[in-house]
$ cat coords.cif   # mmCIF, C-alpha atoms
data_start
loop_
_atom_site.label_atom_id
_atom_site.label_comp_id
_atom_site.auth_asym_id
_atom_site.auth_seq_id
_atom_site.Cartn_x
_atom_site.Cartn_y
_atom_site.Cartn_z
CA MET A 782 -16.31 -64.29 -46.80
CA THR A 783 -18.35 -65.68 -43.95
CA HIS A 784 -21.26 -68.09 -44.07
CA PHE A 785 -23.37 -69.33 -41.19
CA ASP A 786 -26.43 -71.52 -41.75
CA VAL A 787 -29.72 -70.21 -40.43
CA GLN A 788 -30.63 -71.88 -37.19
CA TRP A 789 -34.22 -72.64 -38.07
CA ASP A 790 -34.76 -74.50 -34.85
CA LYS A 791 -34.31 -71.15 -33.07
CA LEU A 792 -36.72 -69.21 -35.29
CA ASP A 793 -39.13 -68.24 -32.48
CA GLU A 794 -36.31 -67.13 -30.24
CA PHE A 795 -34.78 -64.88 -32.89
CA ILE A 796 -38.14 -63.48 -33.96
CA GLU A 797 -38.45 -62.06 -30.42
CA LYS A 798 -34.85 -60.92 -30.38
CA SER A 799 -35.29 -59.26 -33.78
CA LYS A 800 -38.40 -57.47 -32.58
CA SER A 801 -36.49 -56.14 -29.53
CA THR A 802 -33.52 -55.06 -31.68
CA VAL A 803 -35.73 -53.26 -34.20
CA GLU A 804 -37.53 -51.42 -31.39
CA ASP A 805 -34.27 -50.42 -29.68
CA PHE A 806 -32.72 -48.99 -32.84
CA LYS A 807 -35.96 -47.27 -33.72
CA ARG A 808 -35.89 -45.67 -30.26
CA LEU A 809 -32.26 -44.63 -30.71
CA ASN A 810 -33.23 -42.77 -33.89
CA GLU A 811 -36.13 -41.11 -32.04
CA ILE A 812 -33.80 -40.07 -29.21
CA GLU A 813 -31.41 -38.48 -31.68
CA GLU A 814 -34.29 -36.55 -33.21
CA GLU A 815 -35.51 -35.44 -29.78
CA LYS A 816 -32.01 -34.38 -28.76
CA LYS A 817 -31.68 -32.35 -31.95
CA LYS A 818 -35.03 -30.71 -31.27
CA LEU A 819 -34.04 -29.99 -27.66
CA HIS A 820 -30.77 -28.49 -28.86
CA ASP A 821 -32.65 -26.29 -31.32
CA ASP A 822 -35.12 -25.29 -28.60
CA GLU A 823 -32.29 -24.54 -26.17
CA SER A 824 -30.56 -22.37 -28.77
CA LYS A 825 -33.79 -20.47 -29.30
CA LEU A 826 -34.19 -19.99 -25.56
CA VAL A 827 -30.58 -18.83 -25.14
CA ASN A 828 -31.01 -16.34 -27.95
CA GLU A 829 -34.25 -15.08 -26.45
CA GLU A 830 -32.59 -14.83 -23.01
CA ASN A 831 -29.68 -12.83 -24.44
CA GLU A 832 -32.02 -10.43 -26.22
CA ILE A 833 -33.96 -9.79 -23.02
CA ARG A 834 -30.78 -9.36 -20.96
CA LYS A 835 -29.48 -6.74 -23.42
CA LYS A 836 -32.47 -4.56 -22.56
CA TYR A 837 -31.59 -4.47 -18.86
CA LYS A 838 -27.82 -4.82 -18.88
CA GLN A 839 -25.84 -2.40 -16.71
CA GLU A 840 -22.35 -1.15 -17.38
CA TYR A 841 -20.59 -1.90 -14.09
CA THR A 842 -22.42 -4.96 -12.77
CA LYS A 843 -23.82 -8.25 -14.02
CA LYS A 844 -27.04 -7.61 -12.12
CA LEU A 845 -29.87 -6.65 -14.44
CA ASN A 846 -31.65 -3.35 -13.97
CA ASP A 847 -35.33 -4.05 -13.38
CA ARG A 848 -36.13 -0.56 -12.04
CA LEU A 849 -38.43 2.01 -13.63
CA ASP A 850 -36.25 4.99 -12.73
CA ASP A 851 -37.49 7.07 -15.65
CA PHE A 852 -40.98 6.88 -14.14
CA GLY A 853 -39.85 8.09 -10.70
CA ILE A 854 -37.59 7.44 -7.71
CA LEU A 855 -39.35 7.47 -4.36
CA THR A 856 -37.98 8.36 -0.93
CA VAL A 857 -38.19 5.94 1.98
CA VAL A 858 -38.10 7.38 5.50
CA SER A 859 -37.73 5.10 8.51
CA GLY A 860 -37.05 5.75 12.16
CA SER A 861 -33.33 6.20 11.55
CA ASP A 862 -32.82 6.17 7.79
CA HIS A 863 -33.66 8.21 4.71
CA ASP A 864 -33.02 6.49 1.40
CA GLU A 865 -34.25 5.73 -2.11
CA GLY A 866 -37.22 3.56 -2.99
CA ARG A 867 -36.92 2.17 -6.52
CA ILE A 868 -40.08 1.39 -8.49
CA ILE A 869 -39.87 -2.16 -9.87
CA SER A 870 -43.30 -2.51 -11.44
CA VAL A 871 -46.59 -0.62 -11.59
CA THR A 872 -50.24 -1.24 -12.48
CA GLU A 873 -53.31 0.89 -11.94
CA ASP A 874 -53.82 -0.86 -8.59
CA GLU A 875 -50.38 -1.77 -7.25
CA MET A 876 -46.80 -0.64 -7.31
CA LYS A 877 -43.77 -2.69 -6.26
CA VAL A 878 -41.13 -0.61 -4.50
CA ARG A 879 -37.70 -1.95 -3.48
CA TYR A 880 -35.94 -0.53 -0.43
CA TRP A 881 -32.35 -1.28 0.63
CA TYR A 882 -31.33 -1.17 4.29
CA ASN A 883 -28.45 -2.28 6.56
CA TYR A 884 -26.05 -0.21 4.45
CA GLY A 885 -27.33 -1.77 1.24
CA SER A 886 -26.72 -5.36 2.34
CA SER A 887 -30.43 -6.22 2.57
CA SER A 888 -33.49 -5.30 0.58
CA MET A 889 -37.23 -5.66 0.83
CA ASP A 890 -40.01 -5.24 -1.71
CA PHE A 891 -43.19 -3.41 -0.74
CA ILE A 892 -46.44 -3.76 -2.62
CA ILE A 893 -48.24 -0.44 -2.18
CA SER A 894 -51.39 1.16 -3.52
CA THR A 895 -50.78 3.16 -6.70
CA LYS A 896 -53.92 5.21 -6.08
CA GLU A 897 -53.01 6.02 -2.46
CA LEU A 898 -49.51 7.14 -3.42
CA GLN A 899 -50.88 9.27 -6.24
CA GLU A 900 -53.56 10.91 -4.08
CA LYS A 901 -51.72 11.38 -0.77
CA GLY A 902 -48.14 11.57 -1.99
CA TYR A 903 -47.05 8.86 0.45
CA VAL A 904 -48.01 5.52 2.01
CA VAL A 905 -47.13 3.98 5.36
CA GLU A 906 -45.86 0.40 5.66
CA LYS A 907 -44.44 -1.79 8.43
CA ALA A 908 -40.66 -1.70 8.73
CA PRO A 909 -38.93 -4.92 7.54
CA TYR A 910 -36.65 -5.23 10.57
CA SER A 911 -38.75 -3.94 13.51
CA ASN A 912 -42.23 -3.03 14.63
CA GLY A 913 -41.68 0.51 13.38
CA LYS A 914 -43.03 2.34 10.36
CA ILE A 915 -41.74 3.01 6.87
CA PHE A 916 -42.94 6.06 4.97
CA ILE A 917 -42.74 5.62 1.18
CA VAL A 918 -42.94 9.10 -0.27
CA ASP A 919 -43.45 10.69 -3.68
CA ASN A 920 -44.32 14.32 -2.91
CA ILE A 921 -46.44 15.24 0.12
CA LYS A 922 -48.60 18.32 -0.31
CA ASN A 923 -50.37 18.37 3.07
CA PRO A 924 -48.23 20.01 5.80
CA MET A 925 -49.84 17.89 8.51
CA ASP A 926 -48.87 14.72 6.66
CA VAL A 927 -45.25 15.89 6.67
CA PHE A 928 -45.61 16.55 10.38
CA GLU A 929 -46.78 12.94 10.85
CA ILE A 930 -43.31 11.80 9.77
CA ILE A 931 -41.65 14.40 12.00
CA LYS A 932 -43.86 13.37 14.92
CA TYR A 933 -42.93 9.73 14.38
CA ARG A 934 -39.23 10.57 14.53
CA LEU A 935 -39.77 12.69 17.67
CA LYS A 936 -41.67 9.84 19.31
CA LEU A 937 -38.74 7.51 18.64
CA GLU A 938 -36.31 10.05 20.11
CA VAL A 939 -38.46 10.33 23.24
CA GLY A 940 -38.39 6.54 23.56
CA GLU A 941 -34.60 6.54 23.23
CA GLN A 942 -34.21 9.20 25.93
CA LYS A 943 -36.56 7.27 28.22
CA ARG A 944 -34.39 4.18 27.78
CA LYS A 945 -31.28 6.23 28.59
CA LEU A 946 -33.00 7.66 31.68
CA GLN A 947 -33.99 4.19 32.85
CA TRP A 948 -30.47 2.92 32.22
CA GLY A 949 -29.03 5.87 34.18
CA GLU A 950 -31.37 5.29 37.10
CA GLU A 951 -30.45 1.62 37.14
CA GLU A 952 -26.77 2.56 37.11
CA VAL A 953 -27.34 4.95 40.03
CA GLU A 954 -28.89 2.11 42.03
CA LYS A 955 -26.01 -0.16 41.09
CA GLY A 956 -23.63 2.65 42.10
CA LYS A 957 -25.27 2.91 45.51
CA ASP A 958 -24.78 -0.83 46.00
CA ARG A 959 -21.14 -0.54 44.92
CA ILE A 960 -20.60 2.35 47.36
CA LYS A 961 -22.17 0.37 50.19
CA LYS A 962 -20.05 -2.71 49.46
CA ALA A 963 -16.88 -0.63 49.09
CA LYS A 964 -17.47 1.03 52.46
CA GLU A 965 -18.02 -2.36 54.05
CA GLU A 966 -14.77 -3.62 52.53
CA LEU A 967 -12.83 -0.51 53.62
CA GLU A 968 -13.85 -1.14 57.22
CA LYS A 969 -11.63 -4.24 57.08
CA TYR A 970 -8.59 -2.05 56.43
CA LYS A 971 -9.06 -0.01 59.60
CA LYS A 972 -7.75 -3.05 61.44
CA VAL A 973 -5.95 -5.32 59.02
CA SER A 974 -6.19 -8.99 60.01
CA ASP A 975 -3.31 -11.44 60.06
CA GLY A 976 -5.14 -13.40 57.40
CA MET A 977 -5.12 -10.44 54.98
CA ILE A 978 -1.42 -9.93 55.53
CA THR A 979 -0.73 -13.66 55.14
CA LYS A 980 -2.65 -13.78 51.86
CA ILE A 981 -0.52 -11.02 50.31
CA PHE A 982 2.69 -12.48 51.75
CA ASN A 983 1.95 -15.85 50.16
CA ASP A 984 1.40 -14.09 46.84
CA ILE A 985 4.75 -12.22 46.86
CA SER A 986 7.07 -14.23 49.07
CA PHE A 987 8.71 -16.44 46.42
CA GLY A 988 11.97 -14.86 45.35
CA VAL A 989 11.53 -12.01 47.83
CA THR A 990 12.56 -13.39 51.22
CA ASP A 991 13.46 -16.54 53.18
CA LEU A 992 11.51 -15.24 56.18
CA LYS A 993 8.37 -17.03 57.33
CA ILE A 994 5.05 -15.26 57.74
CA GLU A 995 5.35 -15.73 61.49
CA ASP A 996 8.59 -13.69 61.42
CA ILE A 997 6.69 -10.86 59.76
CA LEU A 998 3.58 -10.95 61.94
CA LYS A 999 5.42 -10.93 65.28
CA THR A 1000 7.31 -7.76 64.34
CA LEU A 1001 4.19 -5.80 63.33
CA PRO A 1002 2.28 -3.45 65.63
CA ARG A 1003 -0.69 -4.91 67.54
CA GLU A 1004 -3.00 -3.19 65.05
CA VAL A 1005 -2.28 -2.32 61.42
CA CYS A 1006 -4.50 0.49 60.13
CA MET A 1007 -4.46 1.11 56.36
CA TYR A 1008 -7.58 3.24 56.09
CA GLU A 1009 -9.19 6.07 58.06
CA ASP A 1010 -12.42 7.85 57.11
CA ASN A 1011 -11.85 11.18 55.29
CA LYS A 1012 -8.07 10.95 55.50
CA GLY A 1013 -7.19 9.85 52.00
CA GLU A 1014 -4.90 6.91 51.39
#
$ encode --input "coords.cif" --output "C-alpha cells"
Amino acid sequence: MTHFDVQWDKLDEFIEKSKSTVEDFKRLNEIEEEKKKLHDDESKLVNEENEIRKKYKQEYTKKLNDRLDDFGILTVVSGSDHDEGRIISVTEDEMKVRYWYNYGSSSMDFIISTKELQEKGYVVEKAPYSNGKIFIVDNIKNPMDVFEIIKYRLKLEVGEQKRKLQWGEEEVEKGKDRIKKAKEELEKYKKVSDGMITKIFNDISFGVTDLKIEDILKTLPREVCMYEDNKGE
C-alpha cells in the first residue's frame, strides 16, 4: 500500500496539469472514435469500389472496360492507319471516342459531336501526332464523303512522291559533285607523285622490307601512270 500526502502548496500547479491531462485523454478517446469511423467509412468505400469494379472487370487484364461496345464500334481512318474507335461515353451533344495508335502503345480521346456523327456518318478531327486529319466513321452514306477520305489519302501519296522526287534530284546533284571530284582525283593518278608513293610505303613498310623509300623511288620510271581515260584499271 502506498500513501503520499497531498501537496496543497502546489494546488494551482496541479489544477493546470489536471486540466491538461483530462483534455489529452478526452482527445485520445475522440481520436479512437474518429479512427473507428474512418475505418468503417474506408470499408464502405472499398466495398463500393469492388462492386463497381465487378461491373467492368475483364477476363485477361486488370484494366477495367469502360467502353460502350454494345452501342457501336467506330472506325478511325488516318493518313496511314485504319483502326477501331471505341465509344467511351455518349450524351445527346457529345461522344467520347478513344483511338489507339503507334501499334497500340499510345491512345487519344476525341470529343466529337453526337449529332454530326449521326447525321453525316463521320466527323473529321485533327490527328494527335501530326498536322493531318483523322476521320472518325460510323457509316457514310454519301459517296462524295467517302471520296473525301480517298482524296485525302491520295493527296498524302502525292506529297510523299514529291518528297522522293526532291530527294532524288538532290542526290543527282550530289552525284554530279562526286563525279567531278572523282575525276579531279583520278587526274593525280595519271602521273603519280613521289609523295603519293611515299605515303603508301610508310603505311606498309613495317615488316615488309628494310629498304628505304629512296631505294624504291630511284628505281621507278620517270613517270608512274596508274590511270588512263577510258582504259579501265
$ atom_distance --input "coords.cif" --atom1 "CA of Gly940 (chain A)" --atom2 "CA of Ile915 (chain A)"
17.4 Å
$ atom_distance --input "coords.cif" --atom1 "CA of Lys838 (chain A)" --atom2 "CA of Asp851 (chain A)"
15.7 Å
$ closest_residue --input "coords.cif" --among "A:Val857, A:Val939, A:Leu819, A:Ile893" --to "Trp881 (chain A)" --atoms "only C-alpha atoms"
A:Val857
$ closest_residue --input "coords.cif" --among "A:Glu875, A:Glu995, A:Glu906, A:Glu938" --to "Met889 (chain A)" --atoms "only C-alpha atoms"
A:Glu906
$ atom_distance --input "coords.cif" --atom1 "CA of Arg934 (chain A)" --atom2 "CA of Asp890 (chain A)"
22.7 Å
$ decode --input "coords.cif" --residues "region 806-902 of chain A" --atoms "C-alpha atoms" --output "PDB file, in the first residue's frame"
ATOM      1  CA  PHE A 806      -7.226  11.753 -22.537  1.00  0.00           C
ATOM      2  CA  LYS A 807     -10.518  13.139 -23.740  1.00  0.00           C
ATOM      3  CA  ARG A 808      -8.854  13.809 -27.103  1.00  0.00           C
ATOM      4  CA  LEU A 809      -7.388  10.308 -27.187  1.00  0.00           C
ATOM      5  CA  ASN A 810     -10.899   8.873 -26.806  1.00  0.00           C
ATOM      6  CA  GLU A 811     -12.137  11.169 -29.598  1.00  0.00           C
ATOM      7  CA  ILE A 812      -9.275  10.062 -31.852  1.00  0.00           C
ATOM      8  CA  GLU A 813     -10.154   6.422 -31.278  1.00  0.00           C
ATOM      9  CA  GLU A 814     -13.755   7.149 -32.205  1.00  0.00           C
ATOM     10  CA  GLU A 815     -12.687   9.046 -35.329  1.00  0.00           C
ATOM     11  CA  LYS A 816     -10.325   6.247 -36.341  1.00  0.00           C
ATOM     12  CA  LYS A 817     -13.120   3.725 -35.927  1.00  0.00           C
ATOM     13  CA  LYS A 818     -15.410   5.876 -38.041  1.00  0.00           C
ATOM     14  CA  LEU A 819     -12.706   6.296 -40.697  1.00  0.00           C
ATOM     15  CA  HIS A 820     -12.161   2.546 -40.718  1.00  0.00           C
ATOM     16  CA  ASP A 821     -15.883   1.979 -41.160  1.00  0.00           C
ATOM     17  CA  ASP A 822     -16.001   4.604 -43.915  1.00  0.00           C
ATOM     18  CA  GLU A 823     -12.975   3.066 -45.638  1.00  0.00           C
ATOM     19  CA  SER A 824     -14.587  -0.378 -45.522  1.00  0.00           C
ATOM     20  CA  LYS A 825     -17.727   1.062 -47.082  1.00  0.00           C
ATOM     21  CA  LEU A 826     -15.680   2.739 -49.797  1.00  0.00           C
ATOM     22  CA  VAL A 827     -13.690  -0.441 -50.512  1.00  0.00           C
ATOM     23  CA  ASN A 828     -16.901  -2.437 -50.784  1.00  0.00           C
ATOM     24  CA  GLU A 829     -18.411   0.164 -53.094  1.00  0.00           C
ATOM     25  CA  GLU A 830     -15.210   0.202 -55.183  1.00  0.00           C
ATOM     26  CA  ASN A 831     -15.249  -3.592 -55.515  1.00  0.00           C
ATOM     27  CA  GLU A 832     -18.888  -3.607 -56.577  1.00  0.00           C
ATOM     28  CA  ILE A 833     -18.201  -1.032 -59.283  1.00  0.00           C
ATOM     29  CA  ARG A 834     -15.078  -2.852 -60.489  1.00  0.00           C
ATOM     30  CA  LYS A 835     -17.054  -6.099 -60.863  1.00  0.00           C
ATOM     31  CA  LYS A 836     -19.236  -4.392 -63.462  1.00  0.00           C
ATOM     32  CA  TYR A 837     -16.264  -3.558 -65.691  1.00  0.00           C
ATOM     33  CA  LYS A 838     -13.832  -6.371 -64.931  1.00  0.00           C
ATOM     34  CA  GLN A 839     -12.213  -8.106 -67.904  1.00  0.00           C
ATOM     35  CA  GLU A 840     -11.074 -11.698 -68.036  1.00  0.00           C
ATOM     36  CA  TYR A 841      -7.483 -11.345 -69.255  1.00  0.00           C
ATOM     37  CA  THR A 842      -6.403  -7.957 -67.907  1.00  0.00           C
ATOM     38  CA  LYS A 843      -6.686  -5.886 -64.749  1.00  0.00           C
ATOM     39  CA  LYS A 844      -7.648  -2.856 -66.813  1.00  0.00           C
ATOM     40  CA  LEU A 845     -11.337  -2.053 -66.488  1.00  0.00           C
ATOM     41  CA  ASN A 846     -13.515  -1.966 -69.577  1.00  0.00           C
ATOM     42  CA  ASP A 847     -15.062   1.487 -69.844  1.00  0.00           C
ATOM     43  CA  ARG A 848     -16.145   1.080 -73.485  1.00  0.00           C
ATOM     44  CA  LEU A 849     -19.708   1.038 -74.805  1.00  0.00           C
ATOM     45  CA  ASP A 850     -19.059  -1.652 -77.404  1.00  0.00           C
ATOM     46  CA  ASP A 851     -22.659  -2.858 -77.391  1.00  0.00           C
ATOM     47  CA  PHE A 852     -23.686   0.606 -78.604  1.00  0.00           C
ATOM     48  CA  GLY A 853     -21.225   0.610 -81.518  1.00  0.00           C
ATOM     49  CA  ILE A 854     -17.571   0.402 -82.561  1.00  0.00           C
ATOM     50  CA  LEU A 855     -16.413   3.177 -84.863  1.00  0.00           C
ATOM     51  CA  THR A 856     -13.672   3.146 -87.491  1.00  0.00           C
ATOM     52  CA  VAL A 857     -10.825   5.637 -87.410  1.00  0.00           C
ATOM     53  CA  VAL A 858      -9.031   6.394 -90.680  1.00  0.00           C
ATOM     54  CA  SER A 859      -5.824   8.414 -90.701  1.00  0.00           C
ATOM     55  CA  GLY A 860      -3.248   9.117 -93.365  1.00  0.00           C
ATOM     56  CA  SER A 861      -1.585   5.748 -92.883  1.00  0.00           C
ATOM     57  CA  ASP A 862      -3.773   3.773 -90.486  1.00  0.00           C
ATOM     58  CA  HIS A 863      -7.216   2.207 -90.298  1.00  0.00           C
ATOM     59  CA  ASP A 864      -8.302   1.089 -86.842  1.00  0.00           C
ATOM     60  CA  GLU A 865     -11.067   0.927 -84.248  1.00  0.00           C
ATOM     61  CA  GLY A 866     -12.538   3.870 -82.391  1.00  0.00           C
ATOM     62  CA  ARG A 867     -14.116   2.784 -79.100  1.00  0.00           C
ATOM     63  CA  ILE A 868     -17.010   4.785 -77.676  1.00  0.00           C
ATOM     64  CA  ILE A 869     -16.291   5.654 -74.040  1.00  0.00           C
ATOM     65  CA  SER A 870     -19.279   7.847 -73.225  1.00  0.00           C
ATOM     66  CA  VAL A 871     -22.186   9.497 -75.015  1.00  0.00           C
ATOM     67  CA  THR A 872     -24.735  12.263 -74.441  1.00  0.00           C
ATOM     68  CA  GLU A 873     -27.161  13.928 -76.813  1.00  0.00           C
ATOM     69  CA  ASP A 874     -24.484  16.530 -77.570  1.00  0.00           C
ATOM     70  CA  GLU A 875     -21.108  14.824 -77.251  1.00  0.00           C
ATOM     71  CA  MET A 876     -19.445  11.473 -77.654  1.00  0.00           C
ATOM     72  CA  LYS A 877     -16.024  10.478 -76.319  1.00  0.00           C
ATOM     73  CA  VAL A 878     -14.129   8.202 -78.696  1.00  0.00           C
ATOM     74  CA  ARG A 879     -10.795   6.555 -77.851  1.00  0.00           C
ATOM     75  CA  TYR A 880      -8.295   5.816 -80.607  1.00  0.00           C
ATOM     76  CA  TRP A 881      -5.077   3.790 -80.231  1.00  0.00           C
ATOM     77  CA  TYR A 882      -2.057   4.480 -82.432  1.00  0.00           C
ATOM     78  CA  ASN A 883       1.685   3.686 -82.605  1.00  0.00           C
ATOM     79  CA  TYR A 884       0.850  -0.028 -82.624  1.00  0.00           C
ATOM     80  CA  GLY A 885      -1.404   0.343 -79.595  1.00  0.00           C
ATOM     81  CA  SER A 886       1.241   1.960 -77.401  1.00  0.00           C
ATOM     82  CA  SER A 887      -0.495   5.359 -77.330  1.00  0.00           C
ATOM     83  CA  SER A 888      -4.087   6.495 -77.203  1.00  0.00           C
ATOM     84  CA  MET A 889      -6.036   9.694 -77.544  1.00  0.00           C
ATOM     85  CA  ASP A 890      -9.606  10.616 -76.662  1.00  0.00           C
ATOM     86  CA  PHE A 891     -11.674  12.678 -79.078  1.00  0.00           C
ATOM     87  CA  ILE A 892     -14.768  14.593 -78.054  1.00  0.00           C
ATOM     88  CA  ILE A 893     -16.989  14.671 -81.135  1.00  0.00           C
ATOM     89  CA  SER A 894     -20.487  15.843 -81.957  1.00  0.00           C
ATOM     90  CA  THR A 895     -23.097  13.114 -81.483  1.00  0.00           C
ATOM     91  CA  LYS A 896     -25.470  14.897 -83.859  1.00  0.00           C
ATOM     92  CA  GLU A 897     -22.842  15.350 -86.598  1.00  0.00           C
ATOM     93  CA  LEU A 898     -21.830  11.685 -86.442  1.00  0.00           C
ATOM     94  CA  GLN A 899     -25.466  10.598 -86.549  1.00  0.00           C
ATOM     95  CA  GLU A 900     -26.352  12.864 -89.484  1.00  0.00           C
ATOM     96  CA  LYS A 901     -23.224  12.600 -91.653  1.00  0.00           C
ATOM     97  CA  GLY A 902     -21.942   9.186 -90.609  1.00  0.00           C
TER      98      GLY A 902
END
